[in-house]
Amino acid sequence: MSEIKKICCIGAGYVGGPTMAMIAAKCPGIDVSVVDINEARIAAWNSDTLPIYEPGLDELVIGARGKNLFFSTDVDAAIVDADIIFVSVGTPTKTYGMGAGKAADLCYIEGAARMIAKVAKGPKIIVEKSTIPVRTAEAIKTILEANSEEGTFQVLSNPEFLAEGTAIDDMSDPDRILIGGDPSDEGQAAVAALASVYGTWIPDDRIIRTNLWSSELSKLVANAFLAQRISSINSISALCEKTEADVDEVANAIGMDSRIGSKFLKASVGFGGSCFQKDLLNLVYLSGHFGLPEVANYWQAVIDMNEWQKERFSAKVVQTLFNTVRGKKIGIWGFAFKKDTNDTRESAAIYVCRDLLMEGANIAIYDPKVGAEQVYADLEYLGMERAKLEKQITFCDSCEEAASEAHGVAVLTEWGEFKTVDFEKIYEGMFKPAFLFDGRNIIDAELVREVGFDFYSIGKG
Ligand code: NAD
Ligand code: UGA
């Protein structure tokens with residue numbers, strides 16, 4: 001394949017939008033079109049209010065949009081023009097049929113492959129950017145070849161490792177770029193073409209080339225290992241609470257062993273986000289599918305620990321508030337699954353709020369980036385009735401408002417502003433005794449205890 005001039009990305013979500021904005025910014029000679037079937041999402045990408053909150057993203061998009069970065073719903077036209085087509089559609093956990101609750105739902109991947117096959121002419125490089133089960137490239141290739149009259153295709157795996165909230169830094173200076181391709185000359189030429197795009201700003205020794213299956217599997221395994229670290233430290237947080245050990249001190253002590261490392265050892269109310277749980281479930285499903293129940297059980301335990309941590313937190317709130325929260329107001333600080341994102345997918349806050357609402361609490365939510373409709377949608381998805389939710393939930397514009405006349409406050413997202421609020425003022429406005437439950441271990445315990453709070457922080461004896 002000659003020099004890459006045009007790139008198309010199918011799927012304008014949390015991955016497609018930011019990754020393509022980065023390629024457009026770094027490669028002014030390449031035209032990048034991001035396409036989606038969701039008209040509202042594309043309209044938002046073309047507006048002043050992007051559909052995704054991510055530090056640094058606005059500047060990146062505004063700098064390239066209309067020059068060499070385009071957002072459109074005309075999927076066919078973008079496919080026809082492109083040399084490389086990234087597929088960055090969702091791969092959620094299946095909710096129906098075989099493998100429901102575990103396997104990845106590949107309907108959007110198949111839909112994208114069929115759209116490509118229908119209109120593509122000439123040679124195209126198809127890049128799996130979505131996270132998919134190992135050996136999906138085989139299925140994509142079969143669909144493309146069976147349905148295309150004029151296209152020829154090389155399928156590559158190029159999983160994305162960015163984390164939300166730090167996506168721009170992660171993409172500008174990644175630990176590595178992973179590209180898996182077919183060992184044939186054509187396959188390796190496609191790998192080289194994609195590597196040349198990344199090579200514009202990423203040193204070649206950080207671009208790893210592997211076979212397709214290693215690349216596909218490595219993405220699931222990377223997320224599984226990261227999630228495993230959080231479940232490991234969260235399991236120890238419970239032991240710390242029984243023994244007066246301090247989980248932050250333990251994490252610091254073990255993390256200084258360079259073989260263990262200090263990152264991803266922050267105990268919390270549980271990991272959330274759209275990928276860890278789904279990718280772990282997928283790994284569990286694949287292991288079972290390949291007749292390896294011991295492997296499946298091993299990784300299932302990481303998910304189980306995360307579920308327990310969320311339940312343990314909700315139970316702690318209820319027990320501490322004298323075993324009943326019925327009719328009590330509880331302030332919720334933060335609903336997003338982590339700071340610096342408006343994404344709430346699988347956020348621990350959804351489950352903690354669900355539990356407290358089921359116990360009859362009235363909750364007052366403040367999150368700087370998450371609005372009421374998103375919260376309602378997340379709780380309705382768990383089967384809760386909108387009318388009841390409207391009675392039990394209020395939405396607030398500040399931490400102070402959420403805590404006003406509350407019996408307790410639960411910190412569920414580590415937004416920076418929660419560390420620096422005026423705790424004396426918050427305490428004054430609350431019911432006594434006033435309880436603060438820190439699900440993120442970001443609040444200064446000494447300070448708030450001095451103010452008068454009864455304080456709970458995960459993994460502190
Ligand atoms: P998302 O739901 O935000 O975006 C997916 C988009 O694809 C949606 O806007 C949807 O309308 C669109 N789409 C679906 N079918 C389409 C079709 N046939 N044609 C055009 N558009 C179509 O999802 P996301 O968070 O961007 O994740 C995408 C993939 O990337 C997933 O496989 C995920 O596991 C993986 N991933 C996500 C992250 C992350 O931080 N969110 C990081 C690394 C990898
Ligand atoms: C994660 C991975 O970090 C990315 O490398 C990967 O590309 C992405 O999944 C994906 O495949 O989608 P993300 O989910 O965006 O990224 O965010 P993380 O920073 O990994 O946080 C996930 C959850 O774990 C959050 O709820 C966070 O608060 C929690 N967490 C993280 C902890 O509880 N403790 C920690 O030490 C770190």
# chains A, B, ... in the order shown; residues from 1 in each chain; ligands from 1

call {"tool": "residues_near_ligand", "arguments": {"ligand": "ligand 2", "cutoff": "6 Å", "atoms": "only C-alpha atoms and all ligand atoms", "output": "mmCIF file with all heavy atoms, in the first residue's frame"}}
result
data_model
loop_
_atom_site.group_PDB
_atom_site.id
_atom_site.type_symbol
_atom_site.label_atom_id
_atom_site.label_comp_id
_atom_site.auth_asym_id
_atom_site.auth_seq_id
_atom_site.Cartn_x
_atom_site.Cartn_y
_atom_site.Cartn_z
ATOM 1 N N GLU A 160 -6.714 -0.404 21.851
ATOM 2 C CA GLU A 160 -6.446 0.905 22.451
ATOM 3 C C GLU A 160 -6.253 0.748 23.964
ATOM 4 O O GLU A 160 -7.024 0.063 24.611
ATOM 5 C CB GLU A 160 -7.636 1.844 22.164
ATOM 6 C CG GLU A 160 -7.450 3.235 22.691
ATOM 7 C CD GLU A 160 -6.114 3.837 22.257
ATOM 8 O OE1 GLU A 160 -5.856 3.914 21.048
ATOM 9 O OE2 GLU A 160 -5.314 4.206 23.145
ATOM 10 N N PHE A 161 -5.227 1.400 24.484
ATOM 11 C CA PHE A 161 -4.932 1.275 25.919
ATOM 12 C C PHE A 161 -5.193 2.558 26.701
ATOM 13 O O PHE A 161 -4.855 2.633 27.886
ATOM 14 C CB PHE A 161 -3.471 0.849 26.117
ATOM 15 C CG PHE A 161 -3.179 -0.530 25.578
ATOM 16 C CD1 PHE A 161 -2.496 -0.707 24.389
ATOM 17 C CD2 PHE A 161 -3.624 -1.662 26.253
ATOM 18 C CE1 PHE A 161 -2.237 -1.980 23.881
ATOM 19 C CE2 PHE A 161 -3.383 -2.943 25.755
ATOM 20 C CZ PHE A 161 -2.686 -3.104 24.568
ATOM 21 N N LEU A 162 -5.793 3.568 26.063
ATOM 22 C CA LEU A 162 -6.006 4.825 26.798
ATOM 23 C C LEU A 162 -6.966 4.604 27.960
ATOM 24 O O LEU A 162 -7.830 3.730 27.914
ATOM 25 C CB LEU A 162 -6.551 5.913 25.865
ATOM 26 C CG LEU A 162 -7.982 5.793 25.311
ATOM 27 C CD1 LEU A 162 -9.046 6.223 26.296
ATOM 28 C CD2 LEU A 162 -8.097 6.608 24.049
ATOM 29 N N ALA A 163 -6.802 5.415 28.998
ATOM 30 C CA ALA A 163 -7.763 5.414 30.108
ATOM 31 C C ALA A 163 -8.508 6.736 30.057
ATOM 32 O O ALA A 163 -7.925 7.778 29.718
ATOM 33 C CB ALA A 163 -7.038 5.253 31.441
ATOM 34 N N GLU A 164 -9.797 6.703 30.364
ATOM 35 C CA GLU A 164 -10.561 7.942 30.354
ATOM 36 C C GLU A 164 -10.050 8.869 31.451
ATOM 37 O O GLU A 164 -9.576 8.419 32.495
ATOM 38 C CB GLU A 164 -12.047 7.624 30.534
ATOM 39 C CG GLU A 164 -12.595 6.943 29.299
ATOM 40 C CD GLU A 164 -14.036 6.488 29.446
ATOM 41 O OE1 GLU A 164 -14.814 7.151 30.140
ATOM 42 O OE2 GLU A 164 -14.378 5.453 28.846
ATOM 43 N N ASN A 223 -6.294 -5.587 30.601
ATOM 44 C CA ASN A 223 -7.366 -5.102 31.476
ATOM 45 C C ASN A 223 -7.596 -6.050 32.648
ATOM 46 O O ASN A 223 -7.861 -5.612 33.767
ATOM 47 C CB ASN A 223 -8.660 -4.909 30.677
ATOM 48 C CG ASN A 223 -8.704 -3.546 30.019
ATOM 49 O OD1 ASN A 223 -7.796 -2.730 30.210
ATOM 50 N ND2 ASN A 223 -9.726 -3.275 29.239
ATOM 51 N N ILE A 230 -6.566 -4.079 41.435
ATOM 52 C CA ILE A 230 -7.518 -3.331 42.275
ATOM 53 C C ILE A 230 -8.271 -4.293 43.191
ATOM 54 O O ILE A 230 -8.423 -4.044 44.389
ATOM 55 C CB ILE A 230 -8.495 -2.512 41.404
ATOM 56 C CG1 ILE A 230 -7.721 -1.569 40.490
ATOM 57 C CG2 ILE A 230 -9.456 -1.719 42.282
ATOM 58 C CD1 ILE A 230 -8.570 -0.923 39.412
ATOM 59 N N PHE A 264 -1.983 1.555 40.395
ATOM 60 C CA PHE A 264 -3.165 0.685 40.462
ATOM 61 C C PHE A 264 -3.240 -0.122 41.754
ATOM 62 O O PHE A 264 -3.602 -1.295 41.767
ATOM 63 C CB PHE A 264 -3.228 -0.227 39.224
ATOM 64 C CG PHE A 264 -4.143 0.351 38.189
ATOM 65 C CD1 PHE A 264 -3.783 1.495 37.508
ATOM 66 C CD2 PHE A 264 -5.374 -0.201 37.933
ATOM 67 C CE1 PHE A 264 -4.627 2.077 36.600
ATOM 68 C CE2 PHE A 264 -6.243 0.364 37.019
ATOM 69 C CZ PHE A 264 -5.873 1.507 36.349
ATOM 70 N N LEU A 265 -2.879 0.540 42.840
ATOM 71 C CA LEU A 265 -2.998 -0.093 44.156
ATOM 72 C C LEU A 265 -3.839 0.780 45.077
ATOM 73 O O LEU A 265 -3.711 0.704 46.293
ATOM 74 C CB LEU A 265 -1.607 -0.290 44.774
ATOM 75 C CG LEU A 265 -0.758 -1.417 44.195
ATOM 76 C CD1 LEU A 265 0.592 -1.480 44.897
ATOM 77 C CD2 LEU A 265 -1.476 -2.762 44.324
ATOM 78 N N LYS A 266 -4.688 1.609 44.497
ATOM 79 C CA LYS A 266 -5.498 2.502 45.325
ATOM 80 C C LYS A 266 -6.795 1.775 45.678
ATOM 81 O O LYS A 266 -7.618 1.472 44.794
ATOM 82 C CB LYS A 266 -5.788 3.777 44.519
ATOM 83 C CG LYS A 266 -6.505 4.858 45.272
ATOM 84 C CD LYS A 266 -5.560 5.687 46.106
ATOM 85 C CE LYS A 266 -6.318 6.635 47.019
ATOM 86 N NZ LYS A 266 -5.628 6.884 48.276
ATOM 87 N N ALA A 267 -6.965 1.504 46.972
ATOM 88 C CA ALA A 267 -8.201 0.843 47.395
ATOM 89 C C ALA A 267 -9.377 1.782 47.139
ATOM 90 O O ALA A 267 -9.243 3.002 47.225
ATOM 91 C CB ALA A 267 -8.118 0.506 48.879
ATOM 92 N N SER A 268 -10.506 1.224 46.785
ATOM 93 C CA SER A 268 -11.663 2.066 46.454
ATOM 94 C C SER A 268 -12.944 1.288 46.699
ATOM 95 O O SER A 268 -12.923 0.104 47.029
ATOM 96 C CB SER A 268 -11.599 2.474 44.984
ATOM 97 O OG SER A 268 -11.834 1.347 44.158
ATOM 98 N N GLY A 270 -14.637 0.217 44.574
ATOM 99 C CA GLY A 270 -14.720 -0.791 43.510
ATOM 100 C C GLY A 270 -14.437 -0.150 42.166
ATOM 101 O O GLY A 270 -14.743 1.018 41.950
ATOM 102 N N PHE A 271 -13.832 -0.925 41.275
ATOM 103 C CA PHE A 271 -13.576 -0.354 39.951
ATOM 104 C C PHE A 271 -14.867 -0.313 39.146
ATOM 105 O O PHE A 271 -15.753 -1.144 39.306
ATOM 106 C CB PHE A 271 -12.470 -1.109 39.200
ATOM 107 C CG PHE A 271 -12.730 -2.574 38.928
ATOM 108 C CD1 PHE A 271 -13.623 -2.976 37.952
ATOM 109 C CD2 PHE A 271 -12.046 -3.552 39.648
ATOM 110 C CE1 PHE A 271 -13.837 -4.332 37.686
ATOM 111 C CE2 PHE A 271 -12.256 -4.911 39.393
ATOM 112 C CZ PHE A 271 -13.156 -5.299 38.420
ATOM 113 N N GLY A 272 -14.957 0.727 38.292
ATOM 114 C CA GLY A 272 -16.078 0.840 37.375
ATOM 115 C C GLY A 272 -15.527 1.045 35.980
ATOM 116 O O GLY A 272 -14.373 0.721 35.698
ATOM 117 N N GLY A 273 -16.372 1.624 35.128
ATOM 118 C CA GLY A 273 -15.935 1.875 33.751
ATOM 119 C C GLY A 273 -16.508 0.843 32.813
ATOM 120 O O GLY A 273 -16.965 -0.229 33.242
ATOM 121 N N CYS A 275 -15.108 -1.048 30.665
ATOM 122 C CA CYS A 275 -14.288 -2.130 30.100
ATOM 123 C C CYS A 275 -13.828 -3.218 31.062
ATOM 124 O O CYS A 275 -13.836 -4.382 30.686
ATOM 125 C CB CYS A 275 -13.088 -1.525 29.390
ATOM 126 S SG CYS A 275 -13.631 -0.561 27.963
ATOM 127 N N PHE A 276 -13.396 -2.859 32.279
ATOM 128 C CA PHE A 276 -12.797 -3.903 33.124
ATOM 129 C C PHE A 276 -13.742 -5.091 33.312
ATOM 130 O O PHE A 276 -13.378 -6.237 33.052
ATOM 131 C CB PHE A 276 -12.404 -3.337 34.494
ATOM 132 C CG PHE A 276 -11.095 -2.596 34.495
ATOM 133 C CD1 PHE A 276 -10.665 -1.903 35.614
ATOM 134 C CD2 PHE A 276 -10.270 -2.604 33.379
ATOM 135 C CE1 PHE A 276 -9.458 -1.227 35.622
ATOM 136 C CE2 PHE A 276 -9.056 -1.933 33.370
ATOM 137 C CZ PHE A 276 -8.656 -1.248 34.500
ATOM 138 N N PHE A 337 -17.492 7.233 36.958
ATOM 139 C CA PHE A 337 -16.753 6.047 37.434
ATOM 140 C C PHE A 337 -15.336 6.380 37.873
ATOM 141 O O PHE A 337 -14.677 5.593 38.541
ATOM 142 C CB PHE A 337 -16.771 4.926 36.386
ATOM 143 C CG PHE A 337 -15.736 5.023 35.293
ATOM 144 C CD1 PHE A 337 -14.540 4.330 35.387
ATOM 145 C CD2 PHE A 337 -15.969 5.791 34.165
ATOM 146 C CE1 PHE A 337 -13.588 4.389 34.374
ATOM 147 C CE2 PHE A 337 -15.026 5.866 33.148
ATOM 148 C CZ PHE A 337 -13.826 5.177 33.252
ATOM 149 N N LYS A 338 -14.857 7.574 37.495
ATOM 150 C CA LYS A 338 -13.583 8.095 37.987
ATOM 151 C C LYS A 338 -13.598 9.590 37.724
ATOM 152 O O LYS A 338 -14.513 10.093 37.058
ATOM 153 C CB LYS A 338 -12.399 7.410 37.296
ATOM 154 C CG LYS A 338 -12.356 7.649 35.787
ATOM 155 C CD LYS A 338 -11.297 6.833 35.093
ATOM 156 C CE LYS A 338 -9.907 7.398 35.294
ATOM 157 N NZ LYS A 338 -8.941 6.854 34.308
#

call {"tool": "residues_around", "arguments": {"residues": "Leu356 in chain A", "least_positions_apart": "2", "cutoff": "9 Å", "atoms": "only C-alpha atoms", "output": "PyMOL selection string"}}
result
chain A and resi 314-315+317-318+325-326+330+351-354+358-363

call {"tool": "write_last_selection", "arguments": {"atoms": "all heavy atoms", "output": "CSV table (one decimal), in the first residue's frame"}}
result
chain,number,residue,atom,x,y,z
A,314,SER,N,-21.9,-0.1,50.7
A,314,SER,CA,-23.3,0.2,50.9
A,314,SER,C,-23.7,-0.3,52.3
A,314,SER,O,-24.4,0.5,53.1
A,314,SER,CB,-24.3,-0.4,49.9
A,314,SER,OG,-23.9,-0.2,48.6
A,315,ALA,N,-23.3,-1.5,52.6
A,315,ALA,CA,-23.7,-2.1,53.9
A,315,ALA,C,-23.1,-1.3,55.1
A,315,ALA,O,-23.8,-1.0,56.1
A,315,ALA,CB,-23.3,-3.5,54.0
A,317,VAL,N,-22.5,1.9,55.1
A,317,VAL,CA,-23.3,3.2,55.3
A,317,VAL,C,-24.5,2.9,56.1
A,317,VAL,O,-24.8,3.5,57.1
A,317,VAL,CB,-23.6,3.8,53.9
A,317,VAL,CG1,-24.6,5.0,54.1
A,317,VAL,CG2,-22.4,4.2,53.1
A,318,VAL,N,-25.2,1.8,55.7
A,318,VAL,CA,-26.5,1.5,56.4
A,318,VAL,C,-26.2,1.1,57.9
A,318,VAL,O,-26.9,1.7,58.8
A,318,VAL,CB,-27.2,0.3,55.7
A,318,VAL,CG1,-28.5,0.0,56.4
A,318,VAL,CG2,-27.6,0.8,54.2
A,325,VAL,N,-31.6,3.6,56.9
A,325,VAL,CA,-31.5,4.9,56.2
A,325,VAL,C,-32.8,5.3,55.7
A,325,VAL,O,-32.9,6.3,54.9
A,325,VAL,CB,-30.4,4.8,55.1
A,325,VAL,CG1,-29.0,4.6,55.6
A,325,VAL,CG2,-30.7,3.7,54.1
A,326,ARG,N,-33.8,4.6,56.0
A,326,ARG,CA,-35.2,4.9,55.5
A,326,ARG,C,-35.6,6.4,55.8
A,326,ARG,O,-35.5,6.8,57.0
A,326,ARG,CB,-36.2,4.0,56.1
A,326,ARG,CG,-37.5,4.2,55.5
A,326,ARG,CD,-38.4,3.0,55.5
A,326,ARG,NE,-39.7,3.4,54.9
A,326,ARG,CZ,-40.7,2.7,55.0
A,326,ARG,NH1,-40.7,1.6,55.7
A,326,ARG,NH2,-41.8,3.1,54.4
A,330,ILE,N,-29.0,11.3,52.3
A,330,ILE,CA,-27.6,10.9,52.1
A,330,ILE,C,-27.0,11.7,50.9
A,330,ILE,O,-27.6,11.6,49.8
A,330,ILE,CB,-27.3,9.4,52.0
A,330,ILE,CG1,-27.9,8.7,53.2
A,330,ILE,CG2,-25.9,9.1,51.8
A,330,ILE,CD1,-27.8,7.2,53.2
A,351,TYR,N,-24.4,1.4,41.8
A,351,TYR,CA,-24.8,0.3,42.6
A,351,TYR,C,-24.9,0.7,44.1
A,351,TYR,O,-25.9,0.3,44.8
A,351,TYR,CB,-23.7,-0.8,42.5
A,351,TYR,CG,-23.7,-1.3,41.0
A,351,TYR,CD1,-22.8,-0.8,40.1
A,351,TYR,CD2,-24.6,-2.2,40.6
A,351,TYR,CE1,-22.9,-1.1,38.8
A,351,TYR,CE2,-24.7,-2.6,39.3
A,351,TYR,CZ,-23.8,-2.1,38.4
A,351,TYR,OH,-23.8,-2.5,37.1
A,352,VAL,N,-24.1,1.6,44.5
A,352,VAL,CA,-24.2,2.1,45.9
A,352,VAL,C,-25.5,2.9,46.0
A,352,VAL,O,-26.3,2.7,47.0
A,352,VAL,CB,-23.0,3.0,46.3
A,352,VAL,CG1,-23.3,3.7,47.7
A,352,VAL,CG2,-21.7,2.2,46.4
A,353,CYS,N,-25.8,3.8,45.0
A,353,CYS,CA,-27.1,4.5,45.1
A,353,CYS,C,-28.3,3.6,45.0
A,353,CYS,O,-29.3,3.7,45.7
A,353,CYS,CB,-27.1,5.5,43.9
A,353,CYS,SG,-26.0,6.9,44.2
A,354,ARG,N,-28.2,2.6,44.1
A,354,ARG,CA,-29.3,1.6,44.1
A,354,ARG,C,-29.6,1.0,45.4
A,354,ARG,O,-30.7,0.9,45.9
A,354,ARG,CB,-28.9,0.5,43.0
A,354,ARG,CG,-30.0,-0.5,42.6
A,354,ARG,CD,-29.9,-1.9,43.3
A,354,ARG,NE,-28.6,-2.4,43.6
A,354,ARG,CZ,-28.0,-3.3,42.8
A,354,ARG,NH1,-28.6,-3.8,41.8
A,354,ARG,NH2,-26.8,-3.8,43.2
A,358,MET,N,-32.9,1.4,47.6
A,358,MET,CA,-33.7,0.2,48.0
A,358,MET,C,-34.0,0.2,49.5
A,358,MET,O,-35.0,-0.4,50.0
A,358,MET,CB,-33.0,-1.0,47.6
A,358,MET,CG,-32.7,-1.1,46.1
A,358,MET,SD,-34.0,-1.9,45.1
A,358,MET,CE,-33.6,-3.6,45.4
A,359,GLU,N,-33.0,0.7,50.3
A,359,GLU,CA,-33.2,0.8,51.7
A,359,GLU,C,-34.1,2.0,52.2
A,359,GLU,O,-34.3,2.2,53.3
A,359,GLU,CB,-31.8,0.9,52.4
A,359,GLU,CG,-31.0,-0.3,52.4
A,359,GLU,CD,-31.6,-1.4,53.3
A,359,GLU,OE1,-32.1,-1.1,54.4
A,359,GLU,OE2,-31.5,-2.6,52.8
A,360,GLY,N,-34.5,2.7,51.2
A,360,GLY,CA,-35.5,3.8,51.5
A,360,GLY,C,-34.9,5.2,51.7
A,360,GLY,O,-35.5,6.1,52.2
A,361,ALA,N,-33.6,5.3,51.4
A,361,ALA,CA,-32.9,6.6,51.6
A,361,ALA,C,-33.3,7.6,50.6
A,361,ALA,O,-33.8,7.2,49.5
A,361,ALA,CB,-31.4,6.4,51.6
A,362,ASN,N,-33.2,8.9,50.9
A,362,ASN,CA,-33.3,10.0,49.9
A,362,ASN,C,-31.9,10.4,49.6
A,362,ASN,O,-31.2,10.7,50.5
A,362,ASN,CB,-34.1,11.2,50.5
A,362,ASN,CG,-35.5,10.7,50.8
A,362,ASN,OD1,-36.2,10.0,50.1
A,362,ASN,ND2,-36.0,11.2,52.0
A,363,ILE,N,-31.6,10.4,48.4
A,363,ILE,CA,-30.2,10.8,48.1
A,363,ILE,C,-30.1,12.1,47.3
A,363,ILE,O,-31.0,12.4,46.5
A,363,ILE,CB,-29.4,9.6,47.3
A,363,ILE,CG1,-30.0,9.3,46.0
A,363,ILE,CG2,-29.3,8.4,48.2
A,363,ILE,CD1,-29.2,8.3,45.2

call {"tool": "closest_atom_pairs", "arguments": {"of": "chain A", "to": "ligand 1", "cutoff": "9 Å", "atoms": "only C-alpha atoms and all ligand atoms", "output": "Markdown table"}}
result
| residue | atom | partner | partner_atom_place_in_ligand_line | distance |
| --- | --- | --- | --- | --- |
| A:Cys9 | CA | ligand 1 | 20 (C) | 8.4 |
| A:Ile10 | CA | ligand 1 | 20 (C) | 4.8 |
| A:Gly11 | CA | ligand 1 | 7 (O) | 3.4 |
| A:Ala12 | CA | ligand 1 | 9 (O) | 4.9 |
| A:Gly13 | CA | ligand 1 | 4 (O) | 3.3 |
| A:Tyr14 | CA | ligand 1 | 26 (O) | 3.7 |
| A:Val15 | CA | ligand 1 | 26 (O) | 3.8 |
| A:Gly16 | CA | ligand 1 | 26 (O) | 5.6 |
| A:Gly17 | CA | ligand 1 | 26 (O) | 7.5 |
| A:Pro18 | CA | ligand 1 | 26 (O) | 8.9 |
| A:Val34 | CA | ligand 1 | 20 (C) | 8.9 |
| A:Val35 | CA | ligand 1 | 20 (C) | 5.9 |
| A:Asp36 | CA | ligand 1 | 21 (N) | 3.6 |
| A:Ile37 | CA | ligand 1 | 20 (C) | 4.5 |
| A:Asn38 | CA | ligand 1 | 11 (O) | 4.7 |
| A:Glu39 | CA | ligand 1 | 11 (O) | 8.4 |
| A:Arg41 | CA | ligand 1 | 9 (O) | 6.6 |
| A:Ile42 | CA | ligand 1 | 9 (O) | 8.4 |
| A:Ile52 | CA | ligand 1 | 3 (O) | 8.7 |
| A:Thr73 | CA | ligand 1 | 20 (C) | 7.8 |
| A:Val75 | CA | ligand 1 | 20 (C) | 6.6 |
| A:Val87 | CA | ligand 1 | 29 (C) | 8.3 |
| A:Ser88 | CA | ligand 1 | 28 (C) | 4.9 |
| A:Val89 | CA | ligand 1 | 7 (O) | 3.6 |
| A:Gly90 | CA | ligand 1 | 28 (C) | 4.2 |
| A:Thr91 | CA | ligand 1 | 32 (O) | 4.4 |
| A:Pro92 | CA | ligand 1 | 32 (O) | 7.1 |
| A:Ala104 | CA | ligand 1 | 32 (O) | 9.0 |
| A:Cys107 | CA | ligand 1 | 15 (N) | 8.0 |
| A:Tyr108 | CA | ligand 1 | 15 (N) | 4.5 |
| A:Ile109 | CA | ligand 1 | 15 (N) | 6.9 |
| A:Glu110 | CA | ligand 1 | 18 (N) | 7.8 |
| A:Gly111 | CA | ligand 1 | 18 (N) | 4.7 |
| A:Ala112 | CA | ligand 1 | 18 (N) | 4.1 |
| A:Ala113 | CA | ligand 1 | 18 (N) | 7.8 |
| A:Arg114 | CA | ligand 1 | 18 (N) | 8.2 |
| A:Met115 | CA | ligand 1 | 18 (N) | 6.8 |
| A:Glu128 | CA | ligand 1 | 32 (O) | 8.9 |
| A:Lys129 | CA | ligand 1 | 30 (O) | 6.2 |
| A:Ser130 | CA | ligand 1 | 32 (O) | 3.5 |
| A:Thr131 | CA | ligand 1 | 32 (O) | 3.9 |
| A:Ile132 | CA | ligand 1 | 32 (O) | 6.2 |
| A:Pro159 | CA | ligand 1 | 44 (C) | 6.6 |
| A:Glu160 | CA | ligand 1 | 43 (C) | 4.5 |
| A:Phe161 | CA | ligand 1 | 43 (C) | 5.1 |
| A:Leu162 | CA | ligand 1 | 42 (C) | 5.3 |
| A:Ala163 | CA | ligand 1 | 40 (O) | 5.0 |
| A:Glu164 | CA | ligand 1 | 40 (O) | 4.9 |
| A:Gly165 | CA | ligand 1 | 40 (O) | 8.7 |
| A:Ala167 | CA | ligand 1 | 40 (O) | 7.8 |
| A:Lys219 | CA | ligand 1 | 44 (C) | 8.3 |
| A:Gly273 | CA | ligand 1 | 41 (N) | 7.6 |
| A:Ser274 | CA | ligand 1 | 41 (N) | 6.1 |
| A:Cys275 | CA | ligand 1 | 34 (O) | 5.3 |
| A:Phe276 | CA | ligand 1 | 34 (O) | 8.6 |
| A:Lys278 | CA | ligand 1 | 34 (O) | 7.8 |
| A:Asp279 | CA | ligand 1 | 34 (O) | 7.3 |
| A:Asp343 | CA | ligand 1 | 41 (N) | 8.5 |

call {"tool": "residues_around", "arguments": {"residues": "range 382-395 of chain A", "least_positions_apart": "5", "cutoff": "7 Å", "atoms": "only C-alpha atoms", "output": "PyMOL selection string"}}
result
chain A and resi 362-366+372+376

call {"tool": "select_by_dssp", "arguments": {"residues": "range 84-304 of chain A", "states": "strand (DSSP E or B)", "output": "JSON, numbers by chain"}}
result
{"A": [84, 85, 86, 87, 93, 104, 121, 122, 123, 124, 125, 126, 127, 128, 150, 151, 152, 153, 154, 155, 156, 157, 177, 178, 179, 180, 181, 207, 208, 209, 210, 211, 246]}

call {"tool": "residues_around", "arguments": {"residues": "Glu424 in chain A", "least_positions_apart": "6", "cutoff": "12 Å", "atoms": "only C-alpha atoms", "output": "ChimeraX atom specification"}}
result
/A:400,403,430,434,447-453

call {"tool": "select_by_dssp", "arguments": {"residues": "range 135-304 of chain A", "states": "helix (DSSP H, G or I)", "output": "PyMOL selection string"}}
result
chain A and resi 136-147+167-172+185-198+204-206+212-243+247-255+276-289+293-304

call {"tool": "atom_distance", "arguments": {"atom1": "CA of Asn323 in chain A", "atom2": "CA of Lys460 in chain A"}}
result
20.8 Å

call {"tool": "closest_residue", "arguments": {"among": "A:Leu178, A:Phe153, A:Thr210, A:Leu217", "to": "Pro133 in chain A", "atoms": "only C-alpha atoms"}}
result
A:Leu217

call {"tool": "residues_around", "arguments": {"residues": "Leu281 in chain A", "least_positions_apart": "6", "cutoff": "10 Å", "atoms": "only C-alpha atoms", "output": "VMD selection string"}}
result
chain A and resid 93 99 101 to 104 220 224 275 287 296 299 to 300 302 to 303

call {"tool": "residues_around", "arguments": {"residues": "Asp83 in chain A", "least_positions_apart": "5", "cutoff": "9 Å", "atoms": "only C-alpha atoms", "output": "JSON, numbers by chain"}}
result
{"A": [1, 3, 4, 5, 6, 7, 8, 123, 124, 125, 126]}

call {"tool": "residues_around", "arguments": {"residues": "range 454-456 of chain A", "least_positions_apart": "2", "cutoff": "6 Å", "atoms": "only C-alpha atoms", "output": "list in words"}}
result
Phe435, Leu436 and Phe437 of chain A

call {"tool": "decode", "arguments": {"residues": "range 448-461 of chain A", "atoms": "C-alpha atoms", "output": "PDB file, in the first residue's frame"}}
result
ATOM      1  CA  VAL A 448     -12.500  15.904  59.204  1.00  0.00           C
ATOM      2  CA  ARG A 449     -12.375  14.091  62.542  1.00  0.00           C
ATOM      3  CA  GLU A 450     -11.193  17.323  64.145  1.00  0.00           C
ATOM      4  CA  VAL A 451     -14.134  19.124  62.569  1.00  0.00           C
ATOM      5  CA  GLY A 452     -16.405  16.553  64.268  1.00  0.00           C
ATOM      6  CA  PHE A 453     -17.290  14.067  61.564  1.00  0.00           C
ATOM      7  CA  ASP A 454     -17.667  10.390  62.253  1.00  0.00           C
ATOM      8  CA  PHE A 455     -15.419   9.224  59.437  1.00  0.00           C
ATOM      9  CA  TYR A 456     -15.089   5.975  57.475  1.00  0.00           C
ATOM     10  CA  SER A 457     -12.399   5.432  54.886  1.00  0.00           C
ATOM     11  CA  ILE A 458     -11.880   2.147  53.041  1.00  0.00           C
ATOM     12  CA  GLY A 459      -9.232  -0.117  54.541  1.00  0.00           C
ATOM     13  CA  LYS A 460      -8.515   1.981  57.639  1.00  0.00           C
ATOM     14  CA  GLY A 461      -8.751   0.197  60.951  1.00  0.00           C
TER      15      GLY A 461
END
